[in-house]
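Undergrad: Dropping in query_31.cif, which is mmCIF, C-alpha atoms:
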```cif
data_my_file
loop_
_atom_site.label_atom_id
_atom_site.label_comp_id
_atom_site.auth_asym_id
_atom_site.auth_seq_id
_atom_site.Cartn_x
_atom_site.Cartn_y
_atom_site.Cartn_z
CA MET R 156 -46.13 -111.23 -203.70
CA LYS R 157 -48.65 -108.45 -203.11
CA LYS R 158 -45.81 -106.20 -201.99
CA ASN R 159 -43.88 -106.88 -205.23
CA ILE R 160 -46.93 -106.13 -207.38
CA PHE R 161 -47.54 -102.93 -205.40
CA CYS R 162 -43.90 -101.83 -205.88
CA LEU R 163 -44.06 -102.66 -209.57
CA GLY R 164 -47.26 -100.60 -209.88
CA ILE R 165 -45.62 -97.62 -208.14
CA MET R 166 -42.58 -97.86 -210.44
CA LEU R 167 -44.80 -97.93 -213.54
CA LEU R 168 -46.77 -94.94 -212.28
CA VAL R 169 -43.55 -93.00 -211.68
CA LEU R 170 -42.33 -93.84 -215.20
CA VAL R 171 -45.60 -92.70 -216.76
CA VAL R 172 -45.56 -89.44 -214.80
CA MET R 173 -41.87 -88.82 -215.58
CA SER R 174 -42.35 -89.40 -219.30
CA GLY R 175 -45.08 -86.74 -219.35
CA CYS R 176 -42.99 -84.13 -217.51
CA SER R 177 -41.15 -82.89 -220.55
CA ASN R 178 -43.53 -81.26 -222.99
CA LYS R 179 -40.78 -80.02 -225.32
CA CYS R 180 -40.34 -81.64 -228.68
CA LYS R 181 -37.23 -81.79 -230.83
CA VAL R 182 -37.76 -79.90 -234.08
CA SER R 183 -35.29 -79.94 -236.95
CA GLY R 184 -35.27 -79.75 -240.71
CA LYS R 185 -33.61 -78.52 -243.84
CA VAL R 186 -34.16 -75.31 -245.83
CA THR R 187 -33.60 -75.61 -249.57
CA PHE R 188 -34.37 -73.89 -252.84
CA PRO R 189 -36.60 -75.66 -255.42
CA ASP R 190 -33.53 -77.09 -257.19
CA GLY R 191 -32.43 -78.80 -253.95
CA THR R 192 -29.51 -76.53 -253.11
CA PRO R 193 -29.46 -75.54 -249.43
CA LEU R 194 -29.92 -72.10 -247.96
CA LYS R 195 -26.47 -71.76 -246.38
CA VAL R 196 -27.11 -69.03 -243.80
CA GLY R 197 -29.94 -67.60 -241.76
CA MET R 198 -32.03 -68.02 -238.65
CA ILE R 199 -35.36 -69.84 -238.56
CA ILE R 200 -37.94 -68.60 -236.08
CA PHE R 201 -41.04 -70.40 -234.76
CA GLU R 202 -43.71 -68.17 -233.14
CA ASP R 203 -46.94 -69.24 -231.48
CA GLY R 204 -48.23 -65.79 -230.51
CA VAL R 205 -46.82 -66.09 -226.97
CA SER R 206 -43.29 -67.34 -227.34
CA GLN R 207 -40.50 -67.69 -229.86
CA ALA R 208 -38.00 -70.44 -230.59
CA ARG R 209 -35.18 -70.28 -233.08
CA GLY R 210 -32.38 -72.13 -234.74
CA ASN R 211 -29.40 -71.23 -236.90
CA ILE R 212 -29.33 -72.57 -240.44
CA ASP R 213 -25.96 -74.18 -241.22
CA GLU R 214 -24.07 -74.36 -244.53
CA ASN R 215 -25.97 -77.55 -245.46
CA GLY R 216 -29.37 -75.92 -244.85
CA ASN R 217 -29.97 -77.89 -241.63
CA TYR R 218 -31.39 -76.40 -238.43
CA LYS R 219 -32.41 -77.47 -234.91
CA VAL R 220 -34.83 -75.34 -232.91
CA SER R 221 -34.15 -74.15 -229.37
CA SER R 222 -36.37 -72.22 -226.98
CA GLU R 223 -34.29 -71.93 -223.81
CA GLY R 224 -31.11 -73.98 -224.19
CA LYS R 225 -29.11 -75.43 -227.04
CA ASN R 226 -31.28 -77.82 -229.12
CA ASP R 227 -33.80 -78.19 -226.28
CA GLY R 228 -36.81 -78.19 -228.60
CA ILE R 229 -40.13 -76.38 -228.27
CA LYS R 230 -43.52 -76.91 -226.65
CA ARG R 231 -46.27 -78.69 -228.51
CA GLY R 232 -48.46 -76.34 -230.51
CA THR R 233 -49.01 -74.57 -233.81
CA TYR R 234 -46.30 -72.20 -234.99
CA ASN R 235 -45.90 -69.59 -237.71
CA VAL R 236 -42.42 -69.94 -239.17
CA TYR R 237 -40.17 -67.41 -240.88
CA ILE R 238 -36.51 -66.89 -241.72
CA THR R 239 -34.26 -63.91 -240.95
CA GLN R 240 -30.62 -63.04 -241.54
CA ALA R 241 -30.53 -64.93 -244.84
CA ASN R 242 -28.20 -62.46 -246.44
CA GLY R 243 -24.55 -61.91 -247.21
CA PHE R 244 -22.12 -60.01 -249.37
CA ASP R 245 -22.08 -60.53 -253.12
CA THR R 246 -18.38 -60.74 -253.94
CA SER R 247 -18.89 -62.12 -257.46
CA GLY R 248 -17.90 -58.84 -259.16
CA ILE R 249 -14.84 -58.10 -257.02
CA GLU R 250 -11.43 -58.79 -258.45
CA SER R 251 -8.31 -59.20 -256.41
CA VAL R 252 -5.51 -56.69 -257.06
CA GLU R 253 -1.92 -57.86 -256.92
CA SER R 254 0.76 -55.44 -255.89
CA LYS R 255 3.76 -54.94 -258.14
CA GLU R 256 7.19 -55.44 -256.68
CA GLY R 257 8.29 -52.33 -254.86
CA GLN R 258 4.93 -50.60 -255.18
CA THR R 259 1.96 -50.48 -252.89
CA ASN R 260 -1.38 -50.62 -254.62
CA VAL R 261 -4.43 -50.15 -252.48
CA SER R 262 -7.79 -50.92 -253.98
CA MET R 263 -10.96 -51.25 -252.00
CA GLN R 264 -14.40 -52.24 -253.14
CA VAL R 265 -17.39 -52.76 -250.92
CA ALA R 266 -19.43 -55.79 -251.81
CA PRO R 267 -23.19 -55.16 -251.73
CA LEU R 268 -25.32 -56.91 -249.11
CA VAL R 269 -27.85 -59.14 -250.82
CA ASN R 270 -30.82 -61.18 -249.59
CA PHE R 271 -30.66 -64.84 -250.54
CA ILE R 272 -34.41 -65.43 -250.09
CA ASP R 273 -37.52 -63.54 -251.13
CA SER R 274 -38.75 -61.06 -248.50
CA LYS R 275 -42.02 -63.06 -248.30
CA PHE R 276 -40.21 -65.54 -246.02
CA GLU R 277 -38.95 -62.89 -243.58
CA SER R 278 -42.24 -62.30 -241.73
CA PRO R 279 -44.57 -64.65 -239.84
CA THR R 280 -47.57 -63.01 -241.50
CA THR R 281 -46.38 -63.39 -245.11
CA SER R 282 -44.20 -66.51 -245.16
CA GLY R 283 -47.11 -68.93 -245.46
CA LEU R 284 -45.11 -71.36 -243.32
CA LYS R 285 -47.05 -73.01 -240.48
CA VAL R 286 -46.36 -76.21 -238.59
CA GLU R 287 -48.10 -78.14 -235.84
CA VAL R 288 -45.66 -79.69 -233.38
CA LYS R 289 -47.10 -82.77 -231.64
CA GLY R 290 -43.89 -84.67 -230.99
CA LYS R 291 -40.47 -85.01 -232.57
CA THR R 292 -40.86 -83.06 -235.81
CA VAL R 293 -38.84 -82.81 -239.01
CA TYR R 294 -40.00 -79.74 -240.94
CA ASP R 295 -38.28 -79.27 -244.29
CA ILE R 296 -38.89 -75.97 -246.06
CA THR R 297 -38.55 -74.82 -249.66
CA VAL R 298 -37.77 -71.13 -250.12
CA TYR R 299 -37.35 -69.01 -253.22
CA LYS R 300 -34.78 -66.43 -254.27
CA PRO R 301 -35.90 -62.79 -254.50
CA GLY R 302 -38.40 -62.34 -257.33
CA GLU R 303 -38.71 -66.08 -258.04
CA VAL R 304 -41.77 -66.92 -255.90
CA PRO R 305 -44.41 -68.62 -258.07
CA ALA R 306 -47.59 -66.55 -258.47
CA GLU R 307 -49.78 -69.12 -256.66
CA SER R 308 -47.67 -68.90 -253.48
CA ALA R 309 -46.81 -65.20 -253.63
CA ALA R 310 -49.97 -63.96 -251.95
CA ALA R 311 -49.95 -63.63 -248.18
CA PRO R 312 -51.96 -66.31 -246.39
CA GLU R 313 -55.28 -65.23 -244.93
CA GLN R 314 -55.30 -64.98 -241.13
#
```
Write out the structure in this file as structure tokens.
TA:
Amino acid sequence: MKKNIFCLGIMLLVLVVMSGCSNKCKVSGKVTFPDGTPLKVGMIIFEDGVSQARGNIDENGNYKVSSEGKNDGIKRGTYNVYITQANGFDTSGIESVESKEGQTNVSMQVAPLVNFIDSKFESPTTSGLKVEVKGKTVYDITVYKPGEVPAESAAAPEQ
């Protein structure tokens, strides 16, 4: 009986130690505009002053953060958050040209590259986005289009 209790105690100790071995936490969320529409492209970056973790934003605005491997999470701590690569080509003013039978018409227009979010969100010092990761974390973010940041949130946070 004493041997069984001893073995059970050792097994519990091993389980407790094993559960504390991984200090990475899963972090995910959604990036949207105030009207609820998702930011459809970009990369979200979490910085703690020593390391960086990142995740791609998908067409639904969802992201999962990775630090070393795919969706492996990040260490516990406080992170400044910002978004990069949230841009694309504005093709709204480009018309397609159809060729006439027997003729070759070549028309080329270059669509301008536009930012989908205000530049405030592109730097860890101006984004105003900060999160403390203590365990599995869902961190949803609201961003604004260029020039649409409300006055009360436009100022850079004090460091």
Undergrad: Given all atoms listed in the file as the basis, pick out the residue of R:Val186, R:Val293, R:Val220, R:Val236 nearest to Gly204 (chain R).
TA: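 Selected residue with least distance to Gly204 (chain R): R:Val236.
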Undergrad: Can you list, as a PyMOL selection string, the residues that the PyMOL selection byres ((chain R and resi 269-280) around 9) selects here?
TA: chain R and resi 188+194+196+200-202+235-245+267-268+281-285+298-304+309-314
Undergrad: Enter the distance from CA of Thr297 (chain R) to CA of Tyr234 (chain R), in Å, rounded to one decimal.
TA: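 Going from CA of Thr297 (chain R) over to CA of Tyr234 (chain R), I get 16.8 Å.
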Undergrad: When you draw a straight line from CA of Asn217 (chain R) to CA of Lys179 (chain R), how long is it in Å?
TA: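 Separating CA of Asn217 (chain R) from CA of Lys179 (chain R) is a distance of 19.7 Å.
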Undergrad: Given the PyMOL selection byres ((chain R and resi 226-230) around 10) and the file above, list the residues it selects as a PyMOL selection string.
TA: chain R and resi 177-183+201+203+206-210+218-225+231-234+288-292
Undergrad: Quick one: write out the picked residues with C-alpha atoms as a PDB file, in the frame of the given file?
TA:
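Okay, again_38.pdb is ready:
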```
ATOM      1  CA  SER R 177     -41.150 -82.890-220.550  1.00  0.00           C
ATOM      2  CA  ASN R 178     -43.530 -81.260-222.990  1.00  0.00           C
ATOM      3  CA  LYS R 179     -40.780 -80.020-225.320  1.00  0.00           C
ATOM      4  CA  CYS R 180     -40.340 -81.640-228.680  1.00  0.00           C
ATOM      5  CA  LYS R 181     -37.230 -81.790-230.830  1.00  0.00           C
ATOM      6  CA  VAL R 182     -37.760 -79.900-234.080  1.00  0.00           C
ATOM      7  CA  SER R 183     -35.290 -79.940-236.950  1.00  0.00           C
ATOM      8  CA  PHE R 201     -41.040 -70.400-234.760  1.00  0.00           C
ATOM      9  CA  ASP R 203     -46.940 -69.240-231.480  1.00  0.00           C
ATOM     10  CA  SER R 206     -43.290 -67.340-227.340  1.00  0.00           C
ATOM     11  CA  GLN R 207     -40.500 -67.690-229.860  1.00  0.00           C
ATOM     12  CA  ALA R 208     -38.000 -70.440-230.590  1.00  0.00           C
ATOM     13  CA  ARG R 209     -35.180 -70.280-233.080  1.00  0.00           C
ATOM     14  CA  GLY R 210     -32.380 -72.130-234.740  1.00  0.00           C
ATOM     15  CA  TYR R 218     -31.390 -76.400-238.430  1.00  0.00           C
ATOM     16  CA  LYS R 219     -32.410 -77.470-234.910  1.00  0.00           C
ATOM     17  CA  VAL R 220     -34.830 -75.340-232.910  1.00  0.00           C
ATOM     18  CA  SER R 221     -34.150 -74.150-229.370  1.00  0.00           C
ATOM     19  CA  SER R 222     -36.370 -72.220-226.980  1.00  0.00           C
ATOM     20  CA  GLU R 223     -34.290 -71.930-223.810  1.00  0.00           C
ATOM     21  CA  GLY R 224     -31.110 -73.980-224.190  1.00  0.00           C
ATOM     22  CA  LYS R 225     -29.110 -75.430-227.040  1.00  0.00           C
ATOM     23  CA  ARG R 231     -46.270 -78.690-228.510  1.00  0.00           C
ATOM     24  CA  GLY R 232     -48.460 -76.340-230.510  1.00  0.00           C
ATOM     25  CA  THR R 233     -49.010 -74.570-233.810  1.00  0.00           C
ATOM     26  CA  TYR R 234     -46.300 -72.200-234.990  1.00  0.00           C
ATOM     27  CA  VAL R 288     -45.660 -79.690-233.380  1.00  0.00           C
ATOM     28  CA  LYS R 289     -47.100 -82.770-231.640  1.00  0.00           C
ATOM     29  CA  GLY R 290     -43.890 -84.670-230.990  1.00  0.00           C
ATOM     30  CA  LYS R 291     -40.470 -85.010-232.570  1.00  0.00           C
ATOM     31  CA  THR R 292     -40.860 -83.060-235.810  1.00  0.00           C
TER      32      THR R 292
END
```
Undergrad: Which value, in Å to one decimal, gives the distance between CA of Thr192 (chain R) and CA of Ser247 (chain R)?
TA: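 Computing the Euclidean distance for CA of Thr192 (chain R) and CA of Ser247 (chain R) yields 18.4 Å.
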Undergrad: Could you work out an axis-aligned box for region 288-307 of chain R, taking every atom the file lists and adding 8 Å on each side, and report centre and edge lengths in Å to one decimal, as JSON?
TA:
```
{"center_x": -42.3, "center_y": -73.7, "center_z": -244.7, "size_x": 31.0, "size_y": 38.7, "size_z": 43.5}
```
Undergrad: Please write the residues picked by the PyMOL selection byres ((chain R and resi 295) around 6) on this file as an MDAnalysis selection string.
TA: chainID R and resid 184:186 294 296
Undergrad: Could those selected residues go to a file with C-alpha atoms, as a PDB file, in the frame of the given file?
TA:
```pdb
ATOM      1  CA  GLY R 184     -35.270 -79.750-240.710  1.00  0.00           C
ATOM      2  CA  LYS R 185     -33.610 -78.520-243.840  1.00  0.00           C
ATOM      3  CA  VAL R 186     -34.160 -75.310-245.830  1.00  0.00           C
ATOM      4  CA  TYR R 294     -40.000 -79.740-240.940  1.00  0.00           C
ATOM      5  CA  ILE R 296     -38.890 -75.970-246.060  1.00  0.00           C
TER       6      ILE R 296
END
```
Undergrad: Counting all atoms listed in the file, find the residues whose atoms lie at most 7 Å from (-24.3, -72.4, -247.9) (file coordinates) and write them out as a ChimeraX atom specification.
TA: /R:193-196,214-216
